[in-house]
Amino acid sequence: MEPEIGIVRDSLFEAPPLGEQERMVEAILFASAEPLGQSAIADRLPHGCDAAAALAALVKRYEGRGVRLVRVGDAWAFRTAPDLGFLMQKERVETRKLSRAAIETLAIIAYHQPATRAEIEEIRGVSVSRGTIDLLLELDWIRLGRRRMTPGRPVTFVVTQHFLDHFGLESPRDLPGIKELREAGLLDNRPPPGAMPGLIGDDADQGEDWDIPDDDQEEMFD
Amino acid sequence: MEPEIGIVRDSLFEAPPLGEQERMVEAILFASAEPLGQSAIADRLPHGCDAAAALAALVKRYEGRGVRLVRVGDAWAFRTAPDLGFLMQKERVETRKLSRAAIETLAIIAYHQPATRAEIEEIRGVSVSRGTIDLLLELDWIRLGRRRMTPGRPVTFVVTQHFLDHFGLESPRDLPGIKELREAGLLDNRPPPGAMPGLIGDDADQGEDWDIPDDDQEEMFD
Amino acid sequence: MTSDMIPDSDDFGADNEIEARLKAEALIIDVDGFEGPLDLLLTLSRTQKVDLRKISVLQLAEQYLAFIDKARSLRIELAADYLVMAAWMAFLKSRLLLPPDPADEGPSGEELAAHLAFQLERLEAMRRAAARLMARDRLGRDHFARGIPEDVAATRRIDYTATILDLMQAYARIRTRDDFEPLSLKRDAVFTMEQALERMKGLIGQAIEWGDLAQYLPIGWTSDPRRRRSATAATFAASLELAKLGQVELRQDEAFAPILLRRKGPVHGT
C-alpha cells in the first residue's frame with residue numbers, strides 16, 4: 001500500500017492530471033455502495049482535483065456505452081443503459097403447449113384470413129376470449145389486418161411472417177386443404193380419443209364450459 | 001417489457017453488431033458484484049452473439065481505466081484498478097487477521113492443489129487443526145476437490161474462484177513464484193525415504209488421524 | 001510446552017555469562033512460539049547463515065540436540081514430538097558419521113539428510129509464498145467490486161409451442177364438429193326411467209293421499225312438448241315399477257283421466 005499513500009502525499013502539492021482524476025472518479029463511483037454527490041466525490045479526491053470536470057469527462061466517456069453515469073437526485077451513479085434493461089432479466093423459459101382454444105383460433109385465422117372475431121366465433125361455435133387473441137398477438141403469430149368494410153368495421157386478424165417461419169410455411173396457401181386433411185385421416189368422422197370431451201356429455205353442461213369468461217380461459221394456460 | 005422481448009426474438013435471426021454485443025456484456029458485468037462465467041454471460045446475450053469476442057474487446061477498452069475487466073478463473077468481473085485502492089477507504093472491509101497456520105495452510109493448498117490434509121501436515125510438520133480448515137472453507141477460499149484415489153480415499157482441497165478473485169489472480173497458474181517453485185522441485189510430492197519418522201508427533205496418533213473413514217471425513221465439513 | 005522457567009543459578013553466575021543466559025532463555029521461551037520440531041529446525045538452520053540448499057544437516061542435528069539438552073537442563077517440559085525428533089536426529093547423526101553398514105537395508109544417512117533438507121527448503125518456500133500471496137492486491141482492500149450491483153430480476157417466460165400438425169388437427173376438429181352434434185342432441189330431451197325412478201323414490205314418502213302422477217314430472221320438463229313426453233313416459237314407467245315392488249298404489253278413474261298415485265305400506269330405502 002505504501003506507493004499509493006505516496007501518491008496521495010504527492011498530490012498535496014500537485015493535483016494529478018485530469019485523465020488521472022477521471023480514473024479516480026470512475027473507480028470511486030464504481031465501488032461506492034450508494035450514489036455520491038459531487039462534494040462527497042471531491043472530498044475523496046486528492047487535493048486540487050476538479051471533481052466537476054472529471055465527472056463531465058466521465059459522463060461523456062460513458063455516453064452510448066452499456067452503462068451510463070447518471071445523476072440520481074444530487075448524486076452520481078453508474079446505471080445500466082436503459083435500452084439494455086432487458087439483459088437484467090434472467091428468464092426462465094418454460095415450454096408449454098398452446099391451449100386448445102388458442103390453437104383452434106390460430107387455425108381458423110390461418111385458414112380463413114383475414115378473419116374477424118365474430119367469424120372465428122361462428123366457426124368455433126364458442127366465444128373467443130380476449131386472452132386467446134392477446135396471446136396469439138403477443139407470440140407474434142397473428143396481427144391485425146385491414147378492417148372489414150361491413151357495419152361496425154370490425155378488425156380482422158391475419159397470420160404473420162413469424163407464424164409462417166415457425167410452422168415452416170412459405171405462405172398461408174401452403175396449409176393443407178380440407179381434402180388433404182381428409183386424406184391424411186384427420187377428418188375421420190370419429191372424434192380423436194379424449195380430444196373432445198365436451199361434446200359427448202350433455203349439452204347443458206357443455207354450454208357452461210364454453211361460455212367461460214376471459215379469466216377462466218386464462219386459467220387454461222396454467 | 002414487450003419491446004425488449006421483441007428485440008431478443010429478432011436476434012434469433014441476426015446477432016447484433018459486435019459493438020452492441022460489447023455494450024451488452026459491459027452492462028451485464030457492471031451489474032454483477034460477483035464474477036460471471038463466460039457461458040453465463042453468453043446465456044444472457046441474444047442468440048448468435050460471440051461472448052468471447054465481446055469480452056476481449058471490453059478488456060482492451062478498459063485497459064488503463066479506473067476500473068478494469070479482469071479474468072477470475074473461468075469468469076470475468078469489473079474491479080477497480082489496484083493503484084486506486086487508496087481512494088476507497090470507505091469501502092474497505094476489515095478482513096479478519098489470519099493465523100500463521102491458516103495462511104500457510106492456504107498457501108500450501110493453493111500451490112499444491114489438490115492437497116490432502118496429510119500432505120499439508122507433511123509440509124508444515126505439524127498437524128492441521130480442524131478450525132483452520134473450517135475457517136478457510138468458511139471464507140470460501142478453499143473447497144473440497146476430488147477424493148484422492150489412494151488407500152483411505154482422502155479428501156483433497158482446492159482453492160475457489162473466490163480465492164482467485166480476492167487475490168486478483170486469473171488462475172492458480174498465476175500464483176506468485178509458482179513457476180520457480182515448480183522448477184526447483186519444491187512442489188514435488190517427494191515421499192520420505194523408508195525409515196524416516198513422521199515429523200508430526202507419534203506415528204500411531206498420526207495413523208488414527210489419517211485413516212478416518214469416509215463418513216468421518218465428511219463430518220469435518222459440516 | 002511450557003514457558004514455566006526455573007532458572008538454574010548454578011549454571012549461570014559470572015557477569016559475562018548473563019548475556020549468554022539471556023540468549024539461551026530467549027530461545028527456550030520461544031519454544032512456545034515454534035510450530036513443532038520442523039519449524040524449530042528451520043529456525044536453527046538459519047543460524048548457519050548459508051543457502052538452505054547448502055545446509056549441513058550434520059551440524060543441524062548437533063544444533064538441535066544441543067537445544068534439546070539445554071531445554072532439559074532448564075527443566076522445560078518438551079512435547080513428545082520434540083523428543084521423538086531428538087531421537088531421530090541422534091540416529092541420523094550416527095548414520096552420517098559411521099561408515100555405512102552393508103547389512104543394513106534402510107536408506108543411507110545421505111538420503112535421509114537430503115530429504116530433511118528438502119523438507120526445510122520446502123517449508124521455507126511455502127512461507128515465502130504465503131507472505132507474497134498475502135501481500136497481493138486484495139479484494140476489498142486494494143481492488144473493489146461494484147458497490148451497487150444491479151439485481152437481476154428473475155422472470156418466467158413461457159415459450160408456447162405448436163406444430164403444423166397441431167394446427168391441422170385443430171382445424172380438422174372444428175370442421176368436423178357438426179358431425180357429432182346430433183349424437184348429443186338426441187340425449188337432450190330424454191328423461192330416463194332410471195332417473196324417474198330415482199326421483200320418485202325420494203318423493204313417494206309424502207304421498208299419503210291420492211295425487212296426480214303429473215305432479216311428479218321434474219322441473220323444467222313440462223313446457224317443451226318433447227321433454228314433457230319423455231318425462232311423462234319415464235315417470236309412468238317408474239310408477240309401474242314401484243307398484244310392482246308394492247311401494248305405491250295406482251288408480252285411473254276412466255280412460256285418459258289423470259293417473260293417481262299414493263304410498264302403500266312402509267317406505268323402504270329413504
# chains A, B, ... in the order shown; residues from 1 in each chain; ligands from 1
>>> residues_around(residues="B:Leu186", least_positions_apart="6", cutoff="12 Å", atoms="only C-alpha atoms", output="PyMOL selection string")
(chain B and resi 108+111-112+123+177-180) or (chain C and resi 53+115+117-126+129)
>>> interface_residues(of="chain B", to="chain C", cutoff="6 Å", atoms="only C-alpha atoms", output="PyMOL selection string")
chain B and resi 31-33+79-80+82+85+92-93+104+107+125-126+166-167+186+201
>>> interface_residues(of="chain A", to="chain B", cutoff="6 Å", atoms="only C-alpha atoms", output="number ranges by chain")
A: 23-24, 26-27, 65-67, 80, 86
>>> select_by_dssp(residues="chain B", states="alpha helix (DSSP H)", output="tab-separated table (two decimals) with C-alpha atoms, in the first residue's frame")
chain	number	residue	atom	x	y	z
B	2	GLU	CA	-42.75	-6.45	-24.62
B	3	PRO	CA	-40.50	-4.39	-26.88
B	4	GLU	CA	-37.36	-5.84	-25.29
B	5	ILE	CA	-38.60	-9.36	-25.64
B	6	GLY	CA	-39.18	-8.38	-29.20
B	7	ILE	CA	-35.52	-7.44	-29.53
B	8	VAL	CA	-34.41	-10.76	-28.16
B	9	ARG	CA	-36.66	-12.56	-30.54
B	10	ASP	CA	-35.49	-10.64	-33.58
B	18	LEU	CA	-20.12	-6.60	-32.15
B	19	GLY	CA	-20.20	-3.07	-30.74
B	20	GLU	CA	-23.70	-3.77	-29.41
B	21	GLN	CA	-22.61	-7.11	-28.02
B	22	GLU	CA	-19.77	-5.36	-26.22
B	23	ARG	CA	-22.21	-2.90	-24.67
B	24	MET	CA	-24.39	-5.78	-23.53
B	25	VAL	CA	-21.54	-7.65	-21.90
B	26	GLU	CA	-20.43	-4.39	-20.30
B	27	ALA	CA	-23.90	-3.90	-18.81
B	28	ILE	CA	-24.18	-7.47	-17.60
B	29	LEU	CA	-20.78	-7.46	-15.91
B	30	PHE	CA	-21.18	-3.99	-14.44
B	31	ALA	CA	-24.38	-5.06	-12.79
B	38	GLN	CA	-18.34	-16.78	-19.94
B	39	SER	CA	-21.12	-19.27	-20.52
B	40	ALA	CA	-23.37	-17.50	-18.01
B	41	ILE	CA	-22.74	-14.27	-19.92
B	42	ALA	CA	-23.39	-15.96	-23.24
B	43	ASP	CA	-26.67	-17.34	-21.91
B	44	ARG	CA	-27.92	-13.85	-21.27
B	51	ALA	CA	-19.25	-13.51	-25.84
B	52	ALA	CA	-15.52	-14.23	-26.12
B	53	ALA	CA	-15.00	-11.58	-28.78
B	54	ALA	CA	-17.06	-9.04	-26.85
B	55	LEU	CA	-15.07	-9.78	-23.69
B	56	ALA	CA	-11.77	-9.36	-25.49
B	57	ALA	CA	-12.91	-6.01	-26.89
B	58	LEU	CA	-14.04	-4.89	-23.46
B	59	VAL	CA	-10.78	-5.87	-21.76
B	60	LYS	CA	-8.99	-3.67	-24.25
B	61	ARG	CA	-11.41	-0.81	-23.82
B	100	ARG	CA	0.06	-18.13	10.59
B	101	ALA	CA	-1.28	-21.67	10.45
B	102	ALA	CA	-4.23	-20.54	8.32
B	103	ILE	CA	-2.09	-18.51	5.94
B	104	GLU	CA	0.42	-21.30	5.46
B	105	THR	CA	-2.28	-23.90	5.04
B	106	LEU	CA	-3.94	-21.72	2.41
B	107	ALA	CA	-0.66	-21.24	0.55
B	108	ILE	CA	0.08	-24.95	0.63
B	109	ILE	CA	-3.35	-25.77	-0.78
B	110	ALA	CA	-3.01	-23.10	-3.45
B	111	TYR	CA	0.45	-24.16	-4.60
B	112	HIS	CA	0.00	-27.90	-4.24
B	117	ARG	CA	-4.75	-32.92	4.86
B	118	ALA	CA	-1.86	-35.37	5.28
B	119	GLU	CA	0.13	-33.53	2.64
B	120	ILE	CA	-0.44	-30.21	4.35
B	121	GLU	CA	0.70	-31.72	7.61
B	122	GLU	CA	3.73	-33.27	5.99
B	123	ILE	CA	4.80	-29.91	4.61
B	124	ARG	CA	4.14	-27.89	7.73
B	130	ARG	CA	-9.95	-28.63	12.16
B	131	GLY	CA	-10.57	-24.98	12.94
B	132	THR	CA	-8.01	-23.89	10.37
B	133	ILE	CA	-9.63	-25.85	7.58
B	134	ASP	CA	-13.09	-24.75	8.71
B	135	LEU	CA	-12.05	-21.12	8.64
B	136	LEU	CA	-10.70	-21.37	5.11
B	137	LEU	CA	-13.82	-23.15	3.96
B	138	GLU	CA	-15.96	-20.52	5.63
B	161	GLN	CA	-12.91	-18.82	-7.68
B	162	HIS	CA	-13.50	-16.50	-4.76
B	163	PHE	CA	-9.89	-17.05	-3.69
B	164	LEU	CA	-8.70	-16.04	-7.14
B	165	ASP	CA	-10.98	-13.01	-7.08
B	166	HIS	CA	-9.83	-11.98	-3.64
B	178	ILE	CA	4.81	-20.84	-8.70
B	179	LYS	CA	6.90	-21.45	-11.82
B	180	GLU	CA	10.19	-21.08	-9.96
B	181	LEU	CA	8.97	-23.29	-7.14
B	182	ARG	CA	7.98	-25.96	-9.58
B	183	GLU	CA	11.28	-25.77	-11.44
B	203	ASP	CA	3.20	-42.28	14.19
B	204	ALA	CA	0.41	-44.07	15.98
B	205	ASP	CA	-1.59	-40.92	16.60
B	206	GLN	CA	-0.99	-39.81	13.14
B	207	GLY	CA	-2.26	-43.07	11.76
B	208	GLU	CA	-5.50	-42.65	13.60
B	209	ASP	CA	-5.99	-39.18	12.30
B	210	TRP	CA	-5.32	-40.06	8.73
B	214	ASP	CA	-15.16	-41.52	4.52
B	215	ASP	CA	-18.05	-40.76	6.84
B	216	ASP	CA	-15.82	-39.09	9.32
B	217	GLN	CA	-14.08	-37.13	6.68
B	218	GLU	CA	-17.40	-35.78	5.56
B	219	GLU	CA	-18.23	-34.75	9.05
>>> residues_around(residues="C:Ala238", least_positions_apart="3", cutoff="12 Å", atoms="only C-alpha atoms", output="PyMOL selection string")
chain C and resi 191-201+204+213+216-217+231-235+241-245+247-248+250+261
>>> atom_distance(atom1="atom CA of C:Leu60", atom2="atom CA of C:Thr47")
9.4 Å
